[in-house]
Amino acid sequence: MLKESEIRTFIEGATNYFEISAQQSASVGSPYLVTDGNPGAYDYTGIIGISGARKGIVYFSAPRGMLAVLLMRMQETDTSDENIKDLVGEVANTISGNARRDFGRNFVISVPTVVASDVEKVTAPYSKSYVIPINWRKHSAKLVVCLE
Amino acid sequence: MSIRNGSQSLLKLMIVDDSNIIRRRIERSQQIARLEVVGSASNGREAVELFRRTRPDVVTMDLTMPEMDGIECVQELVALNSKVLILVVSALADKATAVEAIEKGANGFLCKPFTDRQLNDALHELLLDA
C-alpha cells in the first residue's frame, strides 16, 4: 500500500514533467485504487520495474495523439513510432527517477520496457494498483503505481 | 584534443543517453559556441568505444542505461582521460546518486526534466574552468 505522501510524490513528478518538458501544465484527476490487478492502458505504455527497498512497477500509459503532440512541444519533428515509444519510456523513467528524491536511492528503477498497441500485455504484478489520471490539452493518460 | 578558435578553444562534446529524443534534444538545445558535437551513444559500452575514437573534451551522461550504466561509464571515461568534463543528465533525483556521480569523477549534475536554459546554464558552469 502507498501512503498519501507517496502518491503525492508521483503526482508532483507527473505535473513537473509536463510543466517543464511541454511547458504546459497538465491537470491530475483524483487518484483511485484498482483491486482487480488490471489498471488498464492506452496505446503506448512505458513500464519501469522497481526493486530494492520497494518492489513492483510504475507505468505511464498514453494515447498516440497525446504523445505526438508532446513530442512536437519538445521541438521534435519526427513523430515516428520509434520516437513515440522512446518518449513514453522516457516519461516513465523520468517520473520514476524523480521519485527517488523522496523514496531515496534504494528505490531502484529499471530501464523502460515499452508496450505498444497490445493493451492486454500491460499487467500489474499485484492485485492493488493506484491509478493517477493525467489530463493534458484534450488528451487523457494515466500513471499507474503498483508496489508491494 | 581541443581546437583553437579565436581566443577560445573549440571543445568536442559527446552525448550519452539511451533515449534518442534526449540525445537529439541536447544536441539541438545546447547553444554554447565553443561546443561541437562529435558523436552520441545510447549506452555506456558504446560511449567508451566512441570516447576512444573521438576523444571528446565534454560529455553529457545519462545514468540509467542498458549494457553499462552511467556511473560505471563515468569511471571508465575518467580512467581514459582524467581531464574530461562530465555533466550527468539524469532523472535520478536523490542527493546520494548525485554525490556518487561526483565522487566517481563527474563535474556537474542536471536533473531531468530540464529546460533549454537549465541545460545551457549547467554547460556554462561546467566550462568555467575549461
# chains A, B, ... in the order shown; residues from 1 in each chain; ligands from 1
call {"tool": "interface_residues", "arguments": {"of": "chain A", "to": "chain B", "cutoff": "12 Å", "atoms": "only C-alpha atoms", "output": "PyMOL selection string"}}
result
chain A and resi 9+13-23+48+70-80+82-113
call {"tool": "write_last_selection", "arguments": {"atoms": "C-alpha atoms", "output": "short mmCIF file (atom, residue, chain, number, x, y, z; two decimals), in the first residue's frame"}}
result
data_model
loop_
_atom_site.label_atom_id
_atom_site.label_comp_id
_atom_site.auth_asym_id
_atom_site.auth_seq_id
_atom_site.Cartn_x
_atom_site.Cartn_y
_atom_site.Cartn_z
CA THR A 9 5.39 12.27 -4.97
CA GLY A 13 6.57 14.03 -10.80
CA ALA A 14 3.90 13.85 -13.48
CA THR A 15 2.87 17.51 -13.32
CA ASN A 16 6.51 18.60 -13.21
CA TYR A 17 7.25 16.60 -16.34
CA PHE A 18 4.58 18.37 -18.39
CA GLU A 19 5.32 21.77 -16.88
CA ILE A 20 8.98 21.58 -17.87
CA SER A 21 9.10 19.36 -20.97
CA ALA A 22 5.93 20.59 -22.67
CA GLN A 23 5.92 24.00 -20.97
CA ILE A 48 9.64 0.75 -15.11
CA LEU A 70 4.09 16.19 -26.60
CA LEU A 71 6.96 15.39 -28.97
CA MET A 72 6.14 18.45 -31.05
CA ARG A 73 6.01 20.63 -27.92
CA MET A 74 9.57 19.39 -27.29
CA GLN A 75 10.55 20.64 -30.80
CA GLU A 76 10.86 17.06 -32.03
CA THR A 77 9.51 16.91 -35.58
CA ASP A 78 9.93 13.16 -36.01
CA THR A 79 6.75 11.57 -34.66
CA SER A 80 7.57 8.09 -35.91
CA GLU A 82 10.11 4.64 -32.77
CA ASN A 83 10.17 8.12 -31.24
CA ILE A 84 6.71 7.72 -29.70
CA LYS A 85 7.94 4.55 -27.94
CA ASP A 86 11.12 6.32 -26.89
CA LEU A 87 9.08 9.17 -25.41
CA VAL A 88 6.64 7.03 -23.43
CA GLY A 89 9.59 5.16 -21.92
CA GLU A 90 11.38 8.40 -21.12
CA VAL A 91 8.32 9.87 -19.37
CA ALA A 92 8.02 6.75 -17.21
CA ASN A 93 11.76 6.79 -16.49
CA THR A 94 11.76 10.47 -15.55
CA ILE A 95 8.77 10.31 -13.21
CA SER A 96 10.11 7.14 -11.53
CA GLY A 97 13.64 8.52 -11.24
CA ASN A 98 12.39 11.80 -9.78
CA ALA A 99 10.54 9.79 -7.10
CA ARG A 100 13.94 8.92 -5.61
CA ARG A 101 14.05 12.48 -4.27
CA ASP A 102 11.56 11.23 -1.63
CA PHE A 103 11.99 7.43 -1.73
CA GLY A 104 15.81 7.52 -1.65
CA ARG A 105 18.40 5.64 -3.67
CA ASN A 106 17.14 2.20 -2.61
CA PHE A 107 14.14 2.81 -4.85
CA VAL A 108 15.92 1.14 -7.76
CA ILE A 109 14.49 1.69 -11.24
CA SER A 110 15.00 -0.41 -14.35
CA VAL A 111 15.41 0.82 -17.89
CA PRO A 112 11.98 1.19 -19.51
CA THR A 113 10.10 -1.58 -21.28
#
call {"tool": "select_by_dssp", "arguments": {"residues": "region 1-111 of chain B", "states": "strand (DSSP E)", "output": "JSON, numbers by chain"}}
result
{"B": [3, 4, 5, 8, 9, 10, 11, 12, 13, 14, 15, 16, 35, 36, 37, 38, 39, 40, 41, 58, 59, 60, 61, 85, 86, 87, 88, 89, 90, 108, 109, 110, 111]}
call {"tool": "atom_distance", "arguments": {"atom1": "CA of Arg23 (chain B)", "atom2": "CA of Val145 (chain A)"}}
result
27.6 Å
call {"tool": "closest_residue", "arguments": {"among": "B:Val59, B:Leu13, B:Ala98, B:Leu128", "to": "Gly44 (chain B)", "atoms": "only C-alpha atoms"}}
result
B:Val59
call {"tool": "select_by_dssp", "arguments": {"residues": "region 1-60 of chain B", "states": "alpha helix (DSSP H)", "output": "PDB file with N, CA and C atoms, in the first residue's frame"}}
result
ATOM      1  N   ASN B  20      16.857   8.405 -27.736  1.00  0.00           N
ATOM      2  CA  ASN B  20      17.190   9.153 -28.944  1.00  0.00           C
ATOM      3  C   ASN B  20      16.632  10.580 -28.864  1.00  0.00           C
ATOM      4  N   ILE B  21      15.439  10.710 -28.288  1.00  0.00           N
ATOM      5  CA  ILE B  21      14.812  12.032 -28.165  1.00  0.00           C
ATOM      6  C   ILE B  21      15.672  12.962 -27.314  1.00  0.00           C
ATOM      7  N   ILE B  22      16.182  12.435 -26.211  1.00  0.00           N
ATOM      8  CA  ILE B  22      17.003  13.270 -25.327  1.00  0.00           C
ATOM      9  C   ILE B  22      18.342  13.607 -25.994  1.00  0.00           C
ATOM     10  N   ARG B  23      18.933  12.634 -26.690  1.00  0.00           N
ATOM     11  CA  ARG B  23      20.198  12.916 -27.387  1.00  0.00           C
ATOM     12  C   ARG B  23      20.009  14.048 -28.390  1.00  0.00           C
ATOM     13  N   ARG B  24      18.925  13.945 -29.165  1.00  0.00           N
ATOM     14  CA  ARG B  24      18.648  14.986 -30.176  1.00  0.00           C
ATOM     15  C   ARG B  24      18.321  16.326 -29.508  1.00  0.00           C
ATOM     16  N   ARG B  25      17.599  16.244 -28.402  1.00  0.00           N
ATOM     17  CA  ARG B  25      17.209  17.468 -27.682  1.00  0.00           C
ATOM     18  C   ARG B  25      18.444  18.211 -27.178  1.00  0.00           C
ATOM     19  N   ILE B  26      19.392  17.475 -26.597  1.00  0.00           N
ATOM     20  CA  ILE B  26      20.610  18.111 -26.077  1.00  0.00           C
ATOM     21  C   ILE B  26      21.409  18.720 -27.230  1.00  0.00           C
ATOM     22  N   GLU B  27      21.509  17.970 -28.325  1.00  0.00           N
ATOM     23  CA  GLU B  27      22.267  18.481 -29.483  1.00  0.00           C
ATOM     24  C   GLU B  27      21.633  19.761 -30.028  1.00  0.00           C
ATOM     25  N   ARG B  28      20.292  19.756 -30.091  1.00  0.00           N
ATOM     26  CA  ARG B  28      19.559  20.891 -30.653  1.00  0.00           C
ATOM     27  C   ARG B  28      19.570  22.092 -29.705  1.00  0.00           C
ATOM     28  N   SER B  29      19.492  21.820 -28.418  1.00  0.00           N
ATOM     29  CA  SER B  29      19.273  22.902 -27.448  1.00  0.00           C
ATOM     30  C   SER B  29      20.555  23.550 -26.958  1.00  0.00           C
ATOM     31  N   GLY B  44      26.491   2.895 -22.002  1.00  0.00           N
ATOM     32  CA  GLY B  44      27.837   3.136 -21.509  1.00  0.00           C
ATOM     33  C   GLY B  44      28.925   2.463 -22.325  1.00  0.00           C
ATOM     34  N   ARG B  45      28.658   1.230 -22.749  1.00  0.00           N
ATOM     35  CA  ARG B  45      29.673   0.489 -23.506  1.00  0.00           C
ATOM     36  C   ARG B  45      29.979   1.178 -24.843  1.00  0.00           C
ATOM     37  N   GLU B  46      28.900   1.572 -25.516  1.00  0.00           N
ATOM     38  CA  GLU B  46      29.047   2.286 -26.792  1.00  0.00           C
ATOM     39  C   GLU B  46      29.795   3.608 -26.558  1.00  0.00           C
ATOM     40  N   ALA B  47      29.503   4.250 -25.423  1.00  0.00           N
ATOM     41  CA  ALA B  47      30.125   5.540 -25.112  1.00  0.00           C
ATOM     42  C   ALA B  47      31.640   5.396 -24.942  1.00  0.00           C
ATOM     43  N   VAL B  48      32.066   4.329 -24.279  1.00  0.00           N
ATOM     44  CA  VAL B  48      33.507   4.122 -24.056  1.00  0.00           C
ATOM     45  C   VAL B  48      34.221   3.941 -25.400  1.00  0.00           C
ATOM     46  N   GLU B  49      33.602   3.173 -26.296  1.00  0.00           N
ATOM     47  CA  GLU B  49      34.205   2.962 -27.626  1.00  0.00           C
ATOM     48  C   GLU B  49      34.282   4.270 -28.400  1.00  0.00           C
ATOM     49  N   LEU B  50      33.190   5.030 -28.364  1.00  0.00           N
ATOM     50  CA  LEU B  50      33.146   6.306 -29.083  1.00  0.00           C
ATOM     51  C   LEU B  50      34.141   7.299 -28.479  1.00  0.00           C
ATOM     52  N   PHE B  51      34.264   7.247 -27.171  1.00  0.00           N
ATOM     53  CA  PHE B  51      35.206   8.141 -26.474  1.00  0.00           C
ATOM     54  C   PHE B  51      36.633   7.872 -26.943  1.00  0.00           C
ATOM     55  N   ARG B  52      36.974   6.585 -27.070  1.00  0.00           N
ATOM     56  CA  ARG B  52      38.336   6.230 -27.513  1.00  0.00           C
ATOM     57  C   ARG B  52      38.601   6.768 -28.920  1.00  0.00           C
ATOM     58  N   ARG B  53      37.573   6.714 -29.766  1.00  0.00           N
ATOM     59  CA  ARG B  53      37.745   7.147 -31.162  1.00  0.00           C
ATOM     60  C   ARG B  53      37.748   8.660 -31.317  1.00  0.00           C
ATOM     61  N   THR B  54      36.856   9.353 -30.587  1.00  0.00           N
ATOM     62  CA  THR B  54      36.663  10.785 -30.861  1.00  0.00           C
ATOM     63  C   THR B  54      37.333  11.706 -29.850  1.00  0.00           C
TER      64      THR B  54
END
call {"tool": "atom_distance", "arguments": {"atom1": "CA of Asn43 (chain B)", "atom2": "CA of Val115 (chain A)"}}
result
21.0 Å
call {"tool": "residues_around", "arguments": {"residues": "Leu147 (chain A)", "least_positions_apart": "4", "cutoff": "7 Å", "atoms": "only C-alpha atoms", "output": "short mmCIF file (atom, residue, chain, number, x, y, z; two decimals) with N, CA and C atoms, in the first residue's frame"}}
result
data_model
loop_
_atom_site.label_atom_id
_atom_site.label_comp_id
_atom_site.auth_asym_id
_atom_site.auth_seq_id
_atom_site.Cartn_x
_atom_site.Cartn_y
_atom_site.Cartn_z
N MET A 1 0.84 -1.20 0.00
CA MET A 1 0.00 0.00 0.00
C MET A 1 0.88 1.25 0.00
N ARG A 54 11.63 -1.20 -2.33
CA ARG A 54 10.25 -1.43 -2.77
C ARG A 54 10.28 -2.30 -4.02
N LYS A 55 9.22 -3.05 -4.21
CA LYS A 55 9.16 -3.92 -5.39
C LYS A 55 7.84 -3.71 -6.13
N GLY A 56 7.92 -3.76 -7.46
CA GLY A 56 6.71 -3.60 -8.25
C GLY A 56 7.00 -2.91 -9.57
N ILE A 57 6.03 -2.15 -10.05
CA ILE A 57 6.20 -1.41 -11.30
C ILE A 57 5.57 -0.03 -11.19
#
call {"tool": "residues_around", "arguments": {"residues": "region 30-34 of chain B", "least_positions_apart": "3", "cutoff": "9 Å", "atoms": "only C-alpha atoms", "output": "PyMOL selection string"}}
result
chain B and resi 5+8-12+25-27+116-117+119-120+123-124
call {"tool": "write_last_selection", "arguments": {"atoms": "N, CA and C atoms", "output": "compact mmCIF listing (two decimals), in the first residue's frame"}}
result
# COMPACT_ATOMS: atom_id res chain seq x y z
N ASN B 5 40.05 28.39 -31.63
CA ASN B 5 39.08 29.13 -32.45
C ASN B 5 39.03 30.54 -31.90
N GLN B 8 39.14 31.52 -27.82
CA GLN B 8 38.70 30.37 -27.01
C GLN B 8 38.86 29.09 -27.81
N SER B 9 39.18 28.02 -27.10
CA SER B 9 39.34 26.76 -27.80
C SER B 9 37.98 26.10 -28.03
N LEU B 10 37.85 25.47 -29.19
CA LEU B 10 36.63 24.72 -29.52
C LEU B 10 36.72 23.37 -28.82
N LEU B 11 35.63 23.00 -28.13
CA LEU B 11 35.64 21.77 -27.36
C LEU B 11 34.72 20.73 -27.97
N LYS B 12 35.15 19.50 -27.94
CA LYS B 12 34.35 18.41 -28.52
C LYS B 12 33.39 17.84 -27.48
N ARG B 25 17.60 16.24 -28.40
CA ARG B 25 17.21 17.47 -27.68
C ARG B 25 18.44 18.21 -27.18
N ILE B 26 19.39 17.47 -26.60
CA ILE B 26 20.61 18.11 -26.08
C ILE B 26 21.41 18.72 -27.23
N GLU B 27 21.51 17.97 -28.32
CA GLU B 27 22.27 18.48 -29.48
C GLU B 27 21.63 19.76 -30.03
N ASP B 116 15.73 24.24 -21.78
CA ASP B 116 16.91 24.59 -22.58
C ASP B 116 17.84 25.48 -21.76
N ARG B 117 17.23 26.40 -21.02
CA ARG B 117 18.04 27.33 -20.24
C ARG B 117 18.83 26.60 -19.15
N LEU B 119 19.82 23.54 -19.21
CA LEU B 119 20.89 22.79 -19.86
C LEU B 119 22.08 23.70 -20.16
N ASN B 120 21.79 24.85 -20.76
CA ASN B 120 22.87 25.76 -21.13
C ASN B 120 23.57 26.35 -19.92
N LEU B 123 25.88 23.67 -18.65
CA LEU B 123 27.07 23.53 -19.50
C LEU B 123 28.02 24.72 -19.31
N HIS B 124 27.45 25.93 -19.19
CA HIS B 124 28.27 27.12 -18.96
C HIS B 124 29.09 26.95 -17.69
call {"tool": "atom_distance", "arguments": {"atom1": "CA of Val78 (chain B)", "atom2": "CA of Ile102 (chain B)"}}
result
11.4 Å
call {"tool": "residues_around", "arguments": {"residues": "Thr123 (chain A)", "least_positions_apart": "4", "cutoff": "9 Å", "atoms": "only C-alpha atoms", "output": "list in words"}}
result
Gly37, Asn38, Pro39, Gly40, Ala41 and Val119 of chain A
call {"tool": "write_last_selection", "arguments": {"atoms": "all heavy atoms", "output": "tab-separated table (two decimals), in the first residue's frame"}}
result
chain	number	residue	atom	x	y	z
A	37	GLY	N	-6.16	-6.12	-10.26
A	37	GLY	CA	-4.92	-6.41	-10.97
A	37	GLY	C	-4.91	-5.97	-12.41
A	37	GLY	O	-4.00	-6.32	-13.17
A	38	ASN	N	-5.89	-5.18	-12.79
A	38	ASN	CA	-5.98	-4.74	-14.18
A	38	ASN	C	-6.25	-3.23	-14.27
A	38	ASN	O	-7.37	-2.81	-14.51
A	38	ASN	CB	-7.08	-5.52	-14.90
A	38	ASN	CG	-7.12	-5.21	-16.38
A	38	ASN	OD1	-6.14	-4.71	-16.95
A	38	ASN	ND2	-8.27	-5.46	-17.02
A	39	PRO	N	-5.19	-2.42	-14.09
A	39	PRO	CA	-5.39	-0.97	-14.07
A	39	PRO	C	-5.64	-0.35	-15.45
A	39	PRO	O	-6.01	0.81	-15.54
A	39	PRO	CB	-4.10	-0.43	-13.48
A	39	PRO	CG	-3.21	-1.59	-13.23
A	39	PRO	CD	-3.82	-2.82	-13.78
A	40	GLY	N	-5.42	-1.14	-16.53
A	40	GLY	CA	-5.73	-0.65	-17.87
A	40	GLY	C	-4.60	0.16	-18.48
A	40	GLY	O	-3.65	0.56	-17.82
A	41	ALA	N	-4.71	0.34	-19.82
A	41	ALA	CA	-3.65	1.05	-20.54
A	41	ALA	C	-4.21	1.70	-21.79
A	41	ALA	O	-5.29	1.34	-22.27
A	41	ALA	CB	-2.53	0.08	-20.90
A	119	VAL	N	-2.64	-3.78	-25.50
A	119	VAL	CA	-3.02	-3.34	-24.15
A	119	VAL	C	-3.07	-4.50	-23.16
A	119	VAL	O	-2.72	-4.34	-21.99
A	119	VAL	CB	-4.40	-2.63	-24.22
A	119	VAL	CG1	-4.92	-2.28	-22.84
A	119	VAL	CG2	-4.30	-1.38	-25.07
call {"tool": "residues_around", "arguments": {"residues": "Arg64 (chain A)", "least_positions_apart": "3", "cutoff": "9 Å", "atoms": "only C-alpha atoms", "output": "list in words"}}
result
Tyr42, Asp43, Tyr44, Leu67, Ala68, Val69, Asp81 and Ile84 of chain A
call {"tool": "closest_residue", "arguments": {"among": "A:Ser127, A:Ser61, A:Ser117, A:Thr35", "to": "Ala141 (chain A)", "atoms": "only C-alpha atoms"}}
result
A:Ser61
call {"tool": "residues_around", "arguments": {"residues": "Lys142 (chain A)", "least_positions_apart": "6", "cutoff": "10 Å", "atoms": "only C-alpha atoms", "output": "PyMOL selection string"}}
result
chain A and resi 14+28-29+31+39-42+45+59-63+130-135
